[in-house]
Structures are given as structure tokens and as C-alpha cells.
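Visitor: Submitted below is the structure of interest, expressed as C-alpha cells.
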Amino acid sequence: MRRHVALALLLVSTIAIVSCGGSFRRFLYAGPGRDGWQQPDRVVEALAVAPGARVADLGAGGGYFTFRLADAVGPDGLVFAIDVDPNMLEYLEERVRDEGIANVKVVEAAYDDARIPESGADLVLTVNTYHHISDRPVYFRQLAGSLRPGGRVAIIELDDGSWFRRWFGHYTDADVIRSEMESAGYRLAAEHDFLDRQSFLVFAAGG
């Protein structure tokens, strides 16, 4: 009986999160204490983003990495903040406008197409988004056409496999990511192990 009640409460909570407003979802993206385990500054440093680069933040959410990447590419670079969620896109547009951020372009993606602008990207970063993408080998094989020469795809993904994430599918094993990306025509270029809750894999186009 208690187990059934607990499961019911969990289901109600999950439905509330999915149906909640954009402001609450932005809070969930940032999360209390996220900086401590996400180590965003160290992540950006590990990516070795060059000033003037073009970077796609795929699944940008509330911009947790977007604006850090904008600082890294500098005024001569450009960050594409890409998402499918209208609330997130609206929030990002407002922030870009209100803060006068000239090197961030907000892009509305389709579920099967990142819609990276024709100028392409030197780096595509996706954080805790990989598991949301359907038919990933096809998706990333198509995305390779938007990479500039020498372009990379960095995938940071929850992989601790807690019961909650296993239940709702909010994680992907690193071995699965590696296998799928290789089948999409990429090769593993780097792997970082300083994130406790996530794998951090960087791929280059071309096997």
C-alpha cells in the first residue's frame, strides 16, 4: 500500500514538473547547487573554445552553458542557443535582448533537426539532452553536415543510472553513446572523467 502511494505521488510530481511554467523549468535546469557537481567553468576550459569560434549549445534550456560559452568565444564569436521548448526560447530571447548580448543567436530546432544556421559550428555541445533525441545515429549523421572543418561534438550525459533515471530514461551509458556516435560516422577524440554524475565525451567527424 505504501509503495503504491509513493508511486502515485511520484507520478503526480512528474506530471506537475512537465506541465509547469517556464520559470520553474528554468529553476530545474539550474538546480540548487548545480555548479558544484556540474563544474561549468572546468567544462568550458576542457572544451578549449577558441575566441571567435562558433558554438552550438544544443538543448540550451535556460542558458546554463550558453552564456558561459558566449564569454569564451568573445565578441568575434557566436553561440547558437538551440532548443525546442517555446518557453526556454522566449526566456533566452528576452535575456539576450535585455542584457544586450550580441554574440548569442537563439535558434528554434525541430525534434529531428538541430537547424544549425548555414554558417555552421566549430563545436556542438549537448548537456543532459542526448537521451531526449530519437534515432540518434541518423540525427548526428545529419548534424555532421553543419560542422565546420575540424568541428567537434561534445556530449555530456547523465550516466549514474539511479533508479529514477532508469525508470524515466533520463540517462545514457557512455558505451552506448560511443557506439551510436561511431555508427553515425564519428570517432572519439577525447574523454574527460572529472564529472561524477556524467560522462563527457568529445567526438570528431569522420571515422
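We name chains A, B, ... following the order of the C-alpha cells; residues begin at 1 in each chain, and ligands are numbered from 1 as shown.
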For stretch 188-190 of chain A, list every protein, DNA or RNA residue within 6 Å, evaluated using only C-alpha atoms, and leave out those in the same chain fewer than 5 positions away; present the list as a list in words.
Guide: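 Returned residues: Val202, Phe203 and Ala204 of chain A.
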Visitor: Just want the 9 Å neighbourhood of stretch 70-73 of chain A, counted on only C-alpha atoms, with same-chain residues fewer than 4 positions away dropped. Output as a list of chain:residue names.
Guide: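 Those residues are A:Val44, A:Glu45, A:Ala48, A:Val49, A:Ala50, A:Pro51, A:Gly52, A:Ala53, A:Arg54, A:Val55, A:Phe65, A:Thr66, A:Gly77, A:Leu78, A:Val79, A:Ile101, A:Asn103, A:Val104.
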Visitor: Counting only C-alpha atoms, figure out which residue out of A:Leu123, A:Val43, A:Leu58, A:Val138 gets nearest to A:Val107.
Guide: A:Leu58
Visitor: Neighbouring residues of A:Glu94 were defined as those with any atom within 12 Å, considering only C-alpha atoms; residues of the same chain fewer than 5 positions away were excluded. Please report them as a ChimeraX atom specification.
Guide: /A:62-63,87-89,99-101,104-106
Visitor: Can you write just those residues out, N, CA and C atoms, as a short mmCIF file (atom, residue, chain, number, x, y, z; two decimals), in the first residue's frame?
Guide:
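The resulting selection.cif:
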data_model
loop_
_atom_site.label_atom_id
_atom_site.label_comp_id
_atom_site.auth_asym_id
_atom_site.auth_seq_id
_atom_site.Cartn_x
_atom_site.Cartn_y
_atom_site.Cartn_z
N GLY A 62 17.64 26.85 -20.19
CA GLY A 62 17.64 28.22 -19.69
C GLY A 62 18.94 28.95 -19.90
N GLY A 63 19.88 28.35 -20.66
CA GLY A 63 21.13 29.04 -20.99
C GLY A 63 22.25 28.81 -19.99
N ASN A 87 9.01 27.99 -24.21
CA ASN A 87 9.25 28.79 -23.01
C ASN A 87 10.72 29.11 -22.84
N MET A 88 11.57 28.13 -23.08
CA MET A 88 13.01 28.36 -22.97
C MET A 88 13.49 29.34 -24.04
N LEU A 89 12.98 29.17 -25.24
CA LEU A 89 13.37 30.05 -26.33
C LEU A 89 12.96 31.50 -26.04
N GLU A 99 19.87 42.12 -21.92
CA GLU A 99 21.26 42.30 -21.50
C GLU A 99 22.16 42.76 -22.64
N GLY A 100 21.57 42.93 -23.82
CA GLY A 100 22.35 43.41 -24.96
C GLY A 100 23.48 42.47 -25.36
N ILE A 101 23.21 41.17 -25.33
CA ILE A 101 24.23 40.18 -25.66
C ILE A 101 24.24 39.97 -27.17
N VAL A 104 25.03 35.91 -29.08
CA VAL A 104 24.17 34.74 -28.89
C VAL A 104 22.98 34.86 -29.84
N LYS A 105 22.77 33.81 -30.62
CA LYS A 105 21.62 33.76 -31.54
C LYS A 105 20.74 32.59 -31.09
N VAL A 106 19.48 32.87 -30.82
CA VAL A 106 18.54 31.85 -30.37
C VAL A 106 17.94 31.16 -31.59
#
Visitor: Find the residues around A:Ile82 up to 7 Å (only C-alpha atoms counted), leave out those fewer than 2 positions away in its own chain, and share them as a tab-separated table (two decimals) with all heavy atoms, in the first residue's frame.
Guide:
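The resulting file, around.tsv, is reproduced below:
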chain	number	residue	atom	x	y	z
A	56	ALA	N	27.48	25.71	-30.99
A	56	ALA	CA	26.04	25.41	-30.86
A	56	ALA	C	25.80	24.76	-29.51
A	56	ALA	O	26.39	23.71	-29.20
A	56	ALA	CB	25.59	24.50	-31.98
A	57	ASP	N	24.95	25.39	-28.68
A	57	ASP	CA	24.53	24.81	-27.41
A	57	ASP	C	23.22	24.10	-27.68
A	57	ASP	O	22.15	24.71	-27.68
A	57	ASP	CB	24.37	25.91	-26.37
A	57	ASP	CG	24.03	25.38	-24.98
A	57	ASP	OD1	24.00	24.14	-24.82
A	57	ASP	OD2	23.80	26.20	-24.07
A	58	LEU	N	23.30	22.80	-27.94
A	58	LEU	CA	22.15	22.01	-28.38
A	58	LEU	C	21.37	21.51	-27.17
A	58	LEU	O	21.88	20.72	-26.38
A	58	LEU	CB	22.64	20.84	-29.22
A	58	LEU	CG	21.60	19.88	-29.77
A	58	LEU	CD1	20.61	20.61	-30.68
A	58	LEU	CD2	22.27	18.74	-30.53
A	59	GLY	N	20.13	21.99	-27.04
A	59	GLY	CA	19.36	21.74	-25.83
A	59	GLY	C	19.74	22.76	-24.78
A	59	GLY	O	20.00	22.43	-23.62
A	60	ALA	N	19.75	24.02	-25.18
A	60	ALA	CA	20.28	25.09	-24.33
A	60	ALA	C	19.49	25.30	-23.04
A	60	ALA	O	20.02	25.79	-22.06
A	60	ALA	CB	20.32	26.40	-25.12
A	80	PHE	N	25.07	29.62	-30.84
A	80	PHE	CA	23.70	29.32	-31.21
A	80	PHE	C	23.05	28.61	-30.03
A	80	PHE	O	23.44	27.50	-29.65
A	80	PHE	CB	23.66	28.41	-32.44
A	80	PHE	CG	24.36	28.97	-33.64
A	80	PHE	CD1	25.45	28.33	-34.19
A	80	PHE	CD2	23.93	30.15	-34.22
A	80	PHE	CE1	26.10	28.84	-35.30
A	80	PHE	CE2	24.57	30.69	-35.33
A	80	PHE	CZ	25.67	30.02	-35.87
A	106	VAL	N	19.48	32.87	-30.82
A	106	VAL	CA	18.54	31.85	-30.37
A	106	VAL	C	17.94	31.16	-31.59
A	106	VAL	O	17.49	31.81	-32.54
A	106	VAL	CB	17.43	32.46	-29.49
A	106	VAL	CG1	16.43	31.39	-29.05
A	106	VAL	CG2	18.05	33.15	-28.28
A	107	VAL	N	17.95	29.82	-31.57
A	107	VAL	CA	17.50	29.03	-32.72
A	107	VAL	C	16.46	28.02	-32.26
A	107	VAL	O	16.69	27.24	-31.32
A	107	VAL	CB	18.68	28.28	-33.37
A	107	VAL	CG1	18.19	27.40	-34.52
A	107	VAL	CG2	19.75	29.26	-33.84
A	108	GLU	N	15.31	28.01	-32.93
A	108	GLU	CA	14.28	27.02	-32.65
A	108	GLU	C	14.55	25.77	-33.49
A	108	GLU	O	14.51	25.82	-34.71
A	108	GLU	CB	12.88	27.56	-32.96
A	108	GLU	CG	11.78	26.56	-32.65
A	108	GLU	CD	10.39	27.11	-32.89
A	108	GLU	OE1	10.28	28.26	-33.37
A	108	GLU	OE2	9.41	26.38	-32.62
A	109	ALA	N	14.82	24.67	-32.81
A	109	ALA	CA	15.11	23.42	-33.51
A	109	ALA	C	13.83	22.63	-33.74
A	109	ALA	O	12.80	22.87	-33.10
A	109	ALA	CB	16.09	22.59	-32.69
Visitor: Could you work out how far atom CA of A:Tyr91 lies from atom CA of A:Gly145, giving the answer in Å with one decimal?
Guide: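 So the two atoms, atom CA of A:Gly145 and atom CA of A:Tyr91, lie 28.6 Å apart.
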Visitor: When you count only C-alpha atoms, which of these residues is closest to A:Arg148: A:Ala205, A:Val127, A:Ala110, A:Ala81?
Guide: A:Ala205
Visitor: Between A:Met181, A:Ile156, A:Leu69, A:Leu195, which is the closest to A:Ala144 once you count only C-alpha atoms?
Guide: A:Met181
Visitor: Out of stretch 26-203 of chain A, which residues get strand (DSSP E or B) from DSSP, as number ranges by chain?
Guide: A: 54-58, 78-83, 104-108, 110, 113, 121-127, 147-158, 186-192, 198-203
Visitor: Per DSSP on the backbone, what are the alpha helix (DSSP H) residues of stretch 38-143 of chain A, as a count of residues only?
Guide: 38
Visitor: In Å, rounded to a single decimal, give me how far atom CA of A:Arg152 is from atom CA of A:Pro117.
Guide: 16.0 Å
Visitor: Find the spatial neighbours of A:Arg178, counting only C-alpha atoms, within a cut-off of 10 Å - ignore same-chain residues fewer than 3 positions away - and output them as a PyMOL selection string.
Guide: chain A and resi 155+173-175+181-184+186-188+201-203
